[in-house]
Amino acid sequence: MSQPRSDEQAEVTIKAAILGLFEDTTIENIEVRPGEDHVGEPALFVTVYLKAAQRRMSGSVLLDTIAAAATALREIDDYRFPYVTFLAPEDERAEDTRPAA
């Protein structure tokens, strides 16, 4: 399977897994970007944009989200790690300032 096709399938799979954990009213959007982690391994960077501010996102919710995404990826034979970030409306979006490879 070509990489772009694999990335598309991974995105659909991750979105479905994460949406299965939350109410429809919680998530505004989910962005999935392929890349490399800090040691150069293939990875997926997942940003979950929330519709409303959360008082505090518990660690267990983050872990459940990572576990659901990773399990769903393994089911399609994709072994990249999903790095998940939650952003509320008032959070600033970090810009990636690393030079392009």
# chains A, B, ... in the order shown; residues from 1 in each chain; ligands from 1

$ select_by_dssp --residues "chain A" --states "strand (DSSP E or B)" --output "list of chain:residue names"
A:Ile27, A:Glu28, A:Asn29, A:Ile30, A:Glu31, A:Val32, A:Arg33, A:Pro34, A:Gly35, A:Glu36, A:Pro42, A:Ala43, A:Leu44, A:Phe45, A:Val46, A:Thr47, A:Val48, A:Tyr49, A:Leu50, A:Phe81, A:Pro82, A:Tyr83, A:Val84, A:Thr85, A:Phe86, A:Leu87

$ write_last_selection --atoms "C-alpha atoms" --output "PDB file, in the first residue's frame"
ATOM      1  CA  ILE A  27     -15.072  17.570  19.387  1.00  0.00           C
ATOM      2  CA  GLU A  28     -14.887  20.295  16.751  1.00  0.00           C
ATOM      3  CA  ASN A  29     -12.282  18.640  14.523  1.00  0.00           C
ATOM      4  CA  ILE A  30      -9.517  16.040  14.506  1.00  0.00           C
ATOM      5  CA  GLU A  31      -6.325  16.659  12.553  1.00  0.00           C
ATOM      6  CA  VAL A  32      -3.917  13.799  11.767  1.00  0.00           C
ATOM      7  CA  ARG A  33      -0.445  14.511  10.361  1.00  0.00           C
ATOM      8  CA  PRO A  34       2.196  11.900   9.501  1.00  0.00           C
ATOM      9  CA  GLY A  35       5.738  12.676  10.577  1.00  0.00           C
ATOM     10  CA  GLU A  36       8.699  11.416  12.551  1.00  0.00           C
ATOM     11  CA  PRO A  42       7.454   7.149  11.717  1.00  0.00           C
ATOM     12  CA  ALA A  43       4.630   8.552  13.831  1.00  0.00           C
ATOM     13  CA  LEU A  44       1.225  10.197  13.597  1.00  0.00           C
ATOM     14  CA  PHE A  45       0.519  13.537  15.269  1.00  0.00           C
ATOM     15  CA  VAL A  46      -3.121  13.848  16.255  1.00  0.00           C
ATOM     16  CA  THR A  47      -4.675  17.124  17.377  1.00  0.00           C
ATOM     17  CA  VAL A  48      -8.170  16.954  18.837  1.00  0.00           C
ATOM     18  CA  TYR A  49      -9.869  20.357  18.719  1.00  0.00           C
ATOM     19  CA  LEU A  50     -12.528  20.674  21.401  1.00  0.00           C
ATOM     20  CA  PHE A  81       2.565   5.709  17.423  1.00  0.00           C
ATOM     21  CA  PRO A  82      -0.249   8.294  17.666  1.00  0.00           C
ATOM     22  CA  TYR A  83       0.940  11.381  19.588  1.00  0.00           C
ATOM     23  CA  VAL A  84      -2.297  12.993  20.783  1.00  0.00           C
ATOM     24  CA  THR A  85      -2.836  16.628  21.806  1.00  0.00           C
ATOM     25  CA  PHE A  86      -6.113  18.195  22.944  1.00  0.00           C
ATOM     26  CA  LEU A  87      -6.708  21.878  22.186  1.00  0.00           C
TER      27      LEU A  87
END

$ residues_around --residues "Gln9 (chain A)" --least-positions-apart "5" --cutoff "12 Å" --atoms "only C-alpha atoms" --output "PyMOL selection string"
chain A and resi 1-4+14-16+32+34+72-78

$ write_last_selection --atoms "C-alpha atoms" --output "short mmCIF file (atom, residue, chain, number, x, y, z; two decimals), in the first residue's frame"
data_model
loop_
_atom_site.label_atom_id
_atom_site.label_comp_id
_atom_site.auth_asym_id
_atom_site.auth_seq_id
_atom_site.Cartn_x
_atom_site.Cartn_y
_atom_site.Cartn_z
CA MET A 1 0.00 0.00 0.00
CA SER A 2 1.39 3.41 -0.92
CA GLN A 3 2.22 5.85 1.87
CA PRO A 4 -0.42 8.48 0.97
CA ILE A 14 -7.97 7.27 14.11
CA LYS A 15 -10.89 9.66 13.70
CA ALA A 16 -13.41 6.84 14.05
CA VAL A 32 -3.92 13.80 11.77
CA PRO A 34 2.20 11.90 9.50
CA ALA A 72 -7.32 0.85 15.84
CA LEU A 73 -4.07 1.42 13.92
CA ARG A 74 -2.76 -2.05 14.82
CA GLU A 75 -6.00 -3.52 13.47
CA ILE A 76 -5.06 -2.13 10.04
CA ASP A 77 -1.40 -3.22 10.43
CA ASP A 78 -0.15 0.34 10.99
#

$ residues_around --residues "Val61 (chain A)" --least-positions-apart "3" --cutoff "12 Å" --atoms "only C-alpha atoms" --output "MDAnalysis selection string"
chainID A and resid 18 21:22 54 56:58 64:68 84:86

$ write_last_selection --atoms "N, CA, C and O atoms" --output "JSON list (two decimals), in the first residue's frame"
[["chain", "number", "residue", "atom", "x", "y", "z"],
["A", 18, "ILE", "N", -11.41, 7.75, 17.89],
["A", 18, "ILE", "CA", -11.53, 8.84, 18.87],
["A", 18, "ILE", "C", -12.97, 9.30, 19.00],
["A", 18, "ILE", "O", -13.46, 9.51, 20.12],
["A", 21, "LEU", "N", -15.13, 7.50, 21.42],
["A", 21, "LEU", "CA", -14.92, 7.72, 22.86],
["A", 21, "LEU", "C", -15.66, 8.93, 23.41],
["A", 21, "LEU", "O", -15.87, 9.02, 24.61],
["A", 22, "PHE", "N", -16.01, 9.87, 22.54],
["A", 22, "PHE", "CA", -16.56, 11.15, 22.99],
["A", 22, "PHE", "C", -17.96, 11.38, 22.45],
["A", 22, "PHE", "O", -18.34, 10.83, 21.43],
["A", 54, "GLN", "N", -12.46, 22.84, 28.50],
["A", 54, "GLN", "CA", -12.62, 21.83, 29.54],
["A", 54, "GLN", "C", -11.97, 22.37, 30.81],
["A", 54, "GLN", "O", -10.92, 22.99, 30.74],
["A", 56, "ARG", "N", -10.53, 20.70, 33.01],
["A", 56, "ARG", "CA", -9.26, 19.99, 33.02],
["A", 56, "ARG", "C", -9.44, 18.65, 32.33],
["A", 56, "ARG", "O", -10.36, 17.92, 32.66],
["A", 57, "MET", "N", -8.58, 18.38, 31.38],
["A", 57, "MET", "CA", -8.64, 17.09, 30.69],
["A", 57, "MET", "C", -7.85, 16.10, 31.53],
["A", 57, "MET", "O", -6.66, 16.30, 31.78],
["A", 58, "SER", "N", -8.50, 15.06, 31.98],
["A", 58, "SER", "CA", -7.83, 14.11, 32.86],
["A", 58, "SER", "C", -6.81, 13.28, 32.08],
["A", 58, "SER", "O", -6.95, 13.07, 30.87],
["A", 64, "ASP", "N", -6.72, 6.92, 27.41],
["A", 64, "ASP", "CA", -7.75, 6.15, 26.71],
["A", 64, "ASP", "C", -7.78, 6.50, 25.22],
["A", 64, "ASP", "O", -7.96, 5.63, 24.37],
["A", 65, "THR", "N", -7.57, 7.78, 24.91],
["A", 65, "THR", "CA", -7.57, 8.23, 23.52],
["A", 65, "THR", "C", -6.38, 7.67, 22.76],
["A", 65, "THR", "O", -6.51, 7.16, 21.64],
["A", 66, "ILE", "N", -5.21, 7.72, 23.38],
["A", 66, "ILE", "CA", -4.01, 7.15, 22.75],
["A", 66, "ILE", "C", -4.18, 5.65, 22.55],
["A", 66, "ILE", "O", -3.88, 5.11, 21.47],
["A", 67, "ALA", "N", -4.69, 4.97, 23.57],
["A", 67, "ALA", "CA", -4.89, 3.51, 23.47],
["A", 67, "ALA", "C", -5.88, 3.15, 22.37],
["A", 67, "ALA", "O", -5.65, 2.21, 21.60],
["A", 68, "ALA", "N", -6.98, 3.89, 22.28],
["A", 68, "ALA", "CA", -7.99, 3.61, 21.24],
["A", 68, "ALA", "C", -7.40, 3.82, 19.85],
["A", 68, "ALA", "O", -7.61, 3.01, 18.95],
["A", 84, "VAL", "N", -1.02, 12.28, 20.70],
["A", 84, "VAL", "CA", -2.30, 12.99, 20.78],
["A", 84, "VAL", "C", -2.17, 14.26, 21.62],
["A", 84, "VAL", "O", -1.58, 14.25, 22.70],
["A", 85, "THR", "N", -2.76, 15.35, 21.10],
["A", 85, "THR", "CA", -2.84, 16.63, 21.81],
["A", 85, "THR", "C", -4.29, 17.10, 21.77],
["A", 85, "THR", "O", -4.94, 17.00, 20.72],
["A", 86, "PHE", "N", -4.79, 17.58, 22.89],
["A", 86, "PHE", "CA", -6.11, 18.19, 22.94],
["A", 86, "PHE", "C", -5.95, 19.70, 22.98],
["A", 86, "PHE", "O", -5.12, 20.22, 23.74]]

$ closest_residue --among "A:Gly40, A:Asp24, A:Glu11, A:Arg5" --to "Ala70 (chain A)" --atoms "only C-alpha atoms"
A:Glu11

$ atom_distance --atom1 "CA of Ala17 (chain A)" --atom2 "CA of Ser60 (chain A)"
15.9 Å

$ select_by_dssp --residues "chain A" --states "alpha helix (DSSP H)" --output "ChimeraX atom specification"
/A:3-19,59-75

$ write_last_selection --atoms "N, CA, C and O atoms" --output "short mmCIF file (atom, residue, chain, number, x, y, z; two decimals), in the first residue's frame"
data_model
loop_
_atom_site.label_atom_id
_atom_site.label_comp_id
_atom_site.auth_asym_id
_atom_site.auth_seq_id
_atom_site.Cartn_x
_atom_site.Cartn_y
_atom_site.Cartn_z
N GLN A 3 2.24 5.06 0.64
CA GLN A 3 2.22 5.85 1.87
C GLN A 3 1.04 6.82 1.94
O GLN A 3 0.38 6.89 2.96
N PRO A 4 0.74 7.59 0.87
CA PRO A 4 -0.42 8.48 0.97
C PRO A 4 -1.72 7.73 1.24
O PRO A 4 -2.55 8.17 2.02
N ARG A 5 -1.90 6.59 0.61
CA ARG A 5 -3.10 5.77 0.85
C ARG A 5 -3.10 5.28 2.29
O ARG A 5 -4.13 5.29 2.95
N SER A 6 -1.94 4.84 2.78
CA SER A 6 -1.81 4.39 4.15
C SER A 6 -2.12 5.52 5.13
O SER A 6 -2.78 5.31 6.15
N ASP A 7 -1.65 6.74 4.82
CA ASP A 7 -1.92 7.89 5.68
C ASP A 7 -3.42 8.21 5.71
O ASP A 7 -3.96 8.52 6.77
N GLU A 8 -4.07 8.12 4.56
CA GLU A 8 -5.52 8.37 4.50
C GLU A 8 -6.28 7.34 5.33
O GLU A 8 -7.19 7.69 6.07
N GLN A 9 -5.90 6.08 5.20
CA GLN A 9 -6.57 5.02 5.96
C GLN A 9 -6.32 5.20 7.45
O GLN A 9 -7.23 5.03 8.26
N ALA A 10 -5.11 5.58 7.83
CA ALA A 10 -4.79 5.81 9.23
C ALA A 10 -5.63 6.97 9.78
O ALA A 10 -6.15 6.89 10.90
N GLU A 11 -5.78 8.03 9.00
CA GLU A 11 -6.57 9.19 9.44
C GLU A 11 -8.02 8.80 9.69
O GLU A 11 -8.60 9.13 10.73
N VAL A 12 -8.62 8.09 8.76
CA VAL A 12 -10.01 7.65 8.90
C VAL A 12 -10.15 6.75 10.12
O VAL A 12 -11.09 6.89 10.91
N THR A 13 -9.21 5.85 10.30
CA THR A 13 -9.24 4.90 11.41
C THR A 13 -9.11 5.61 12.76
O THR A 13 -9.86 5.32 13.70
N ILE A 14 -8.17 6.53 12.86
CA ILE A 14 -7.97 7.27 14.11
C ILE A 14 -9.19 8.11 14.45
O ILE A 14 -9.65 8.13 15.59
N LYS A 15 -9.72 8.82 13.45
CA LYS A 15 -10.89 9.66 13.70
C LYS A 15 -12.06 8.84 14.22
O LYS A 15 -12.74 9.23 15.17
N ALA A 16 -12.31 7.70 13.61
CA ALA A 16 -13.41 6.84 14.05
C ALA A 16 -13.19 6.34 15.47
O ALA A 16 -14.12 6.33 16.29
N ALA A 17 -11.97 5.96 15.78
CA ALA A 17 -11.66 5.45 17.13
C ALA A 17 -11.87 6.55 18.19
O ALA A 17 -12.45 6.30 19.25
N ILE A 18 -11.41 7.75 17.89
CA ILE A 18 -11.53 8.84 18.87
C ILE A 18 -12.97 9.30 19.00
O ILE A 18 -13.46 9.51 20.12
N LEU A 19 -13.67 9.43 17.89
CA LEU A 19 -15.07 9.85 17.96
C LEU A 19 -15.92 8.84 18.72
O LEU A 19 -16.93 9.21 19.33
N GLY A 59 -5.81 12.83 32.80
CA GLY A 59 -4.79 11.98 32.19
C GLY A 59 -5.37 10.68 31.67
O GLY A 59 -4.93 10.16 30.65
N SER A 60 -6.39 10.18 32.35
CA SER A 60 -6.99 8.92 31.91
C SER A 60 -7.70 9.08 30.57
O SER A 60 -7.70 8.16 29.75
N VAL A 61 -8.28 10.26 30.32
CA VAL A 61 -8.92 10.50 29.01
C VAL A 61 -7.86 10.52 27.92
O VAL A 61 -8.05 9.94 26.84
N LEU A 62 -6.75 11.17 28.18
CA LEU A 62 -5.66 11.20 27.20
C LEU A 62 -5.15 9.78 26.93
O LEU A 62 -4.99 9.38 25.78
N LEU A 63 -4.92 9.03 27.98
CA LEU A 63 -4.42 7.66 27.81
C LEU A 63 -5.43 6.78 27.07
O LEU A 63 -5.05 5.98 26.21
N ASP A 64 -6.72 6.92 27.41
CA ASP A 64 -7.75 6.15 26.71
C ASP A 64 -7.78 6.50 25.22
O ASP A 64 -7.96 5.63 24.37
N THR A 65 -7.57 7.78 24.91
CA THR A 65 -7.57 8.23 23.52
C THR A 65 -6.38 7.67 22.76
O THR A 65 -6.51 7.16 21.64
N ILE A 66 -5.21 7.72 23.38
CA ILE A 66 -4.01 7.15 22.75
C ILE A 66 -4.18 5.65 22.55
O ILE A 66 -3.88 5.11 21.47
N ALA A 67 -4.69 4.97 23.57
CA ALA A 67 -4.89 3.51 23.47
C ALA A 67 -5.88 3.15 22.37
O ALA A 67 -5.65 2.21 21.60
N ALA A 68 -6.98 3.89 22.28
CA ALA A 68 -7.99 3.61 21.24
C ALA A 68 -7.40 3.82 19.85
O ALA A 68 -7.61 3.01 18.95
N ALA A 69 -6.66 4.92 19.67
CA ALA A 69 -6.05 5.20 18.37
C ALA A 69 -5.00 4.14 18.02
O ALA A 69 -4.96 3.64 16.88
N ALA A 70 -4.15 3.79 18.97
CA ALA A 70 -3.09 2.80 18.72
C ALA A 70 -3.69 1.42 18.40
O ALA A 70 -3.22 0.74 17.49
N THR A 71 -4.71 1.03 19.14
CA THR A 71 -5.36 -0.26 18.90
C THR A 71 -5.99 -0.30 17.52
O THR A 71 -5.85 -1.28 16.78
N ALA A 72 -6.69 0.78 17.15
CA ALA A 72 -7.32 0.85 15.84
C ALA A 72 -6.27 0.79 14.73
O ALA A 72 -6.48 0.13 13.70
N LEU A 73 -5.14 1.46 14.92
CA LEU A 73 -4.07 1.42 13.92
C LEU A 73 -3.51 0.01 13.77
O LEU A 73 -3.26 -0.46 12.66
N ARG A 74 -3.29 -0.68 14.89
CA ARG A 74 -2.76 -2.05 14.82
C ARG A 74 -3.71 -2.96 14.05
O ARG A 74 -3.27 -3.88 13.37
N GLU A 75 -5.02 -2.69 14.18
CA GLU A 75 -6.00 -3.52 13.47
C GLU A 75 -5.88 -3.38 11.96
O GLU A 75 -6.33 -4.27 11.22
#
